[in-house]
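Chemist: For reference, the structure I am asking about is given below.
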Amino acid sequence: MIHKLSRFAATSLIGLASALAATAAAAEPGVTDTKVILGSVTPVSGPPSLLGKAHMLALRVWEQDLNSRGGINGRKVEIRQDDDGYVPQRAVQGVKRLVDVEGIFGLIGTSGSAMLQAMLPYINEQRLPTINAMAVAAAHFTPPNKTVFVVGPTYCQELSSAMKYMVASKKLQKEKFALVYQDDEFGNDVRCGYQKAIKELGLNSVSEISFKRGTKDFSAEMLSLKQVGATFLASGGVVAEHSMLMKEAAKNQMPLTILAVHSAHLTPVQALAGAAGDGYFVADYVPPLTDLSVPGMAKFMGLAQKYLSADEQKMLNRYSITAYVGALLMEDAIRRCGKALTRACVVEKLETTKNFSTDGLASPISFGPNDRHSPSSVLVLRSDAKNSRFERVSDPIPVLD
């Protein structure tokens, strides 16, 4: 009788343990035996929609290619998306919906600088594995957020590095420098880079002008720059603002050297600027889509031709490349976790990432226990508007601080 009771008890304990293990596995958000659900909050409506649409197209390319290869450790990937319209409060609502309604495991799209900043408290509360490769500001990782990993230089690092290169390579030490920037977290980081270069090189800054998000008329700003004799403009616009500034400069017959942050690395910016869009310079950390000498670019563009329509391929831009880089990074971390997939494991694997290669799409990516930012290197590009393309004018410039 005692023997039978012992066997019954043992069987019951084994069954209970199995049930508990199954419950624990099922409790991990966004993970089943057959799939992993990831989320993206990006602007696919409003003026910056071409950023979010390009980002989502790249995620779709990655998703379809990955799933055609069997997924990650036997699990297919599904991506759920929310449109924030480039509005911080909508970004917060979006990430909450993705977590509460869609049940996402992690986040691989984080919209603009101000939008991610608004989402951070909720991301931290949920301990949500997050990769930001879209809009990088120092506030995103200073101090470090445990589950948030940032790829690419800050706007401060990007503009500072590119300005220093431009001044040295084109002998611009005696020019009169000016900055026009958006009055928010994004613009403040752009301003940081401008001021850093001005101070370190001892340059003559004649004006710094801020503008409110959504500004459409820059006639007063550019007239002011003409009056102070500016000859070099650092453009801190989001997208259309770059074009408007260039058109006003041409209208006022201002012979400006223009250097913009990476949001001007877009053919629509060239097109909106018209004739004024030829010859401006851009700081970025990913190469042009046309640079098929980069192995990673050749691979991505080949996949895009396979999975996207001709019209969709025309919508790709540099934000597609940064999205793809972020997706590859998340894929690597999930794969290294094996079948026992948890948010905590992915965070740990991302934290221990060292020299992750993207085949030239960005510099090797590394993180650490107290380091959630991998700055990459900066490239200076030149707008060739006549041929709707951008050309490299510099080798990769290491970010040293």
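The way I read the labels, and the way they are meant: chains A, B, ... in the order of the structure tokens, residue 1 as the first residue of every chain, and ligand 1 as the first ligand shown, with later ones counted on from there.
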Please identify which residues in stretch 122-315 of chain A DSSP calls helix (DSSP H, G or I) from the backbone, and express them as a PyMOL selection string.

Modeler: chain A and resi 122-126+138-140+155-170+185-201+219-227+240-251+262-264+267-277+295-307+310-314

Chemist: I'd like the neighbourhood of stretch 220-227 of chain A as a list in words, where a residue qualifies if any of its atoms comes within 8 Å (using only C-alpha atoms), though same-chain residues fewer than 6 positions away should be ignored.

Modeler: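 Result of the neighbour search: Ala178, Ser207, Ile209, Leu245, Glu248, Ala249, Asn252 and Met254 of chain A.
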
Chemist: Go ahead and save the picked residues with N, CA, C and O atoms, as a CSV table (one decimal), in the first residue's frame.

Modeler:
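Saved file result.csv follows:
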chain,number,residue,atom,x,y,z
A,178,ALA,N,26.5,78.7,-39.0
A,178,ALA,CA,25.2,78.9,-38.5
A,178,ALA,C,24.5,77.5,-38.3
A,178,ALA,O,24.8,76.6,-39.1
A,207,SER,N,25.2,82.4,-35.8
A,207,SER,CA,23.8,82.3,-35.5
A,207,SER,C,23.4,80.9,-35.1
A,207,SER,O,23.9,80.0,-35.7
A,209,ILE,N,19.5,79.2,-34.6
A,209,ILE,CA,18.1,79.5,-34.6
A,209,ILE,C,17.3,78.2,-34.4
A,209,ILE,O,17.5,77.2,-35.2
A,245,LEU,N,14.8,74.9,-46.2
A,245,LEU,CA,15.9,75.8,-45.9
A,245,LEU,C,16.8,76.0,-47.1
A,245,LEU,O,17.2,77.1,-47.4
A,248,GLU,N,15.0,78.3,-49.6
A,248,GLU,CA,15.1,79.7,-49.1
A,248,GLU,C,16.5,80.3,-49.4
A,248,GLU,O,16.7,81.5,-49.7
A,249,ALA,N,17.5,79.4,-49.2
A,249,ALA,CA,18.9,79.9,-49.4
A,249,ALA,C,19.1,80.2,-50.9
A,249,ALA,O,19.7,81.3,-51.2
A,252,ASN,N,17.3,83.5,-51.8
A,252,ASN,CA,18.0,84.7,-51.3
A,252,ASN,C,19.5,84.8,-51.8
A,252,ASN,O,20.2,85.6,-51.4
A,254,MET,N,22.1,82.8,-51.5
A,254,MET,CA,23.1,82.7,-50.4
A,254,MET,C,24.0,81.5,-50.8
A,254,MET,O,23.6,80.4,-50.9

Chemist: Skip stretch 329-336 of chain A itself and residues of its chain fewer than 3 positions away, then list as JSON, numbers by chain all residues within 10 Å of it, counting only C-alpha atoms.

Modeler: {"A": [36, 38, 62, 66, 71, 72, 73, 74, 75, 77, 106, 107, 108, 129, 130, 131, 149, 151, 323, 324, 325, 326, 339, 340, 341, 342, 343, 345, 346, 347, 348, 349, 350, 351, 352, 353, 356, 357, 358, 365]}

Chemist: Write out as an MDAnalysis selection string the residues lying within 12 Å of stretch 379-394 of chain A, counting only C-alpha atoms and excluding same-chain residues fewer than 6 positions away.

Modeler: chainID A and resid 152:153 157:166 168:170 243 257:262 264:291 314 317:318 361:363

Chemist: Tell me, in Å to one decimal, how far atom CA of A:Ala91 is from atom CA of A:Pro43.

Modeler: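 These atoms are spaced 8.9 Å apart.
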
Chemist: When distances are computed from only C-alpha atoms, which of A:Gly85, A:Val238, A:Gly109, A:Leu328 shows the smallest separation from A:Glu63?

Modeler: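 Once distances to A:Glu63 are computed over only C-alpha atoms, the minimum belongs to A:Leu328.
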
Chemist: With only C-alpha atoms as the atoms that count, which of A:Leu120, A:Ser235, A:Val190, A:Lys171 lies nearest to A:Pro143?

Modeler: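 Closest to A:Pro143, using only C-alpha atoms: A:Leu120.
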
Chemist: Quick one: residues within 10 Å of A:Phe177, only C-alpha atoms, excluding same-chain residues fewer than 5 positions away - as a CSV table (one decimal) with C-alpha atoms, in the first residue's frame?

Modeler:
chain,number,residue,atom,x,y,z
A,172,LEU,CA,36.6,75.9,-44.0
A,194,TYR,CA,27.3,71.8,-33.7
A,198,ILE,CA,32.6,75.1,-33.0
A,203,LEU,CA,35.1,78.3,-35.5
A,204,ASN,CA,33.1,81.5,-35.9
A,205,SER,CA,29.5,80.8,-35.1
A,206,VAL,CA,27.3,83.7,-36.2
A,207,SER,CA,23.8,82.3,-35.5
A,208,GLU,CA,21.8,79.5,-33.8
A,225,LEU,CA,21.3,84.2,-41.7
A,228,VAL,CA,24.8,88.0,-40.5
A,229,GLY,CA,26.7,86.7,-43.5
A,230,ALA,CA,26.5,83.0,-42.8
A,231,THR,CA,28.4,80.9,-45.3
A,232,PHE,CA,28.1,77.4,-43.7
A,233,LEU,CA,24.7,76.0,-42.5
A,234,ALA,CA,24.3,73.0,-40.3
A,256,LEU,CA,26.0,78.3,-48.5
A,257,THR,CA,27.9,75.1,-47.8
A,258,ILE,CA,25.1,73.0,-46.3
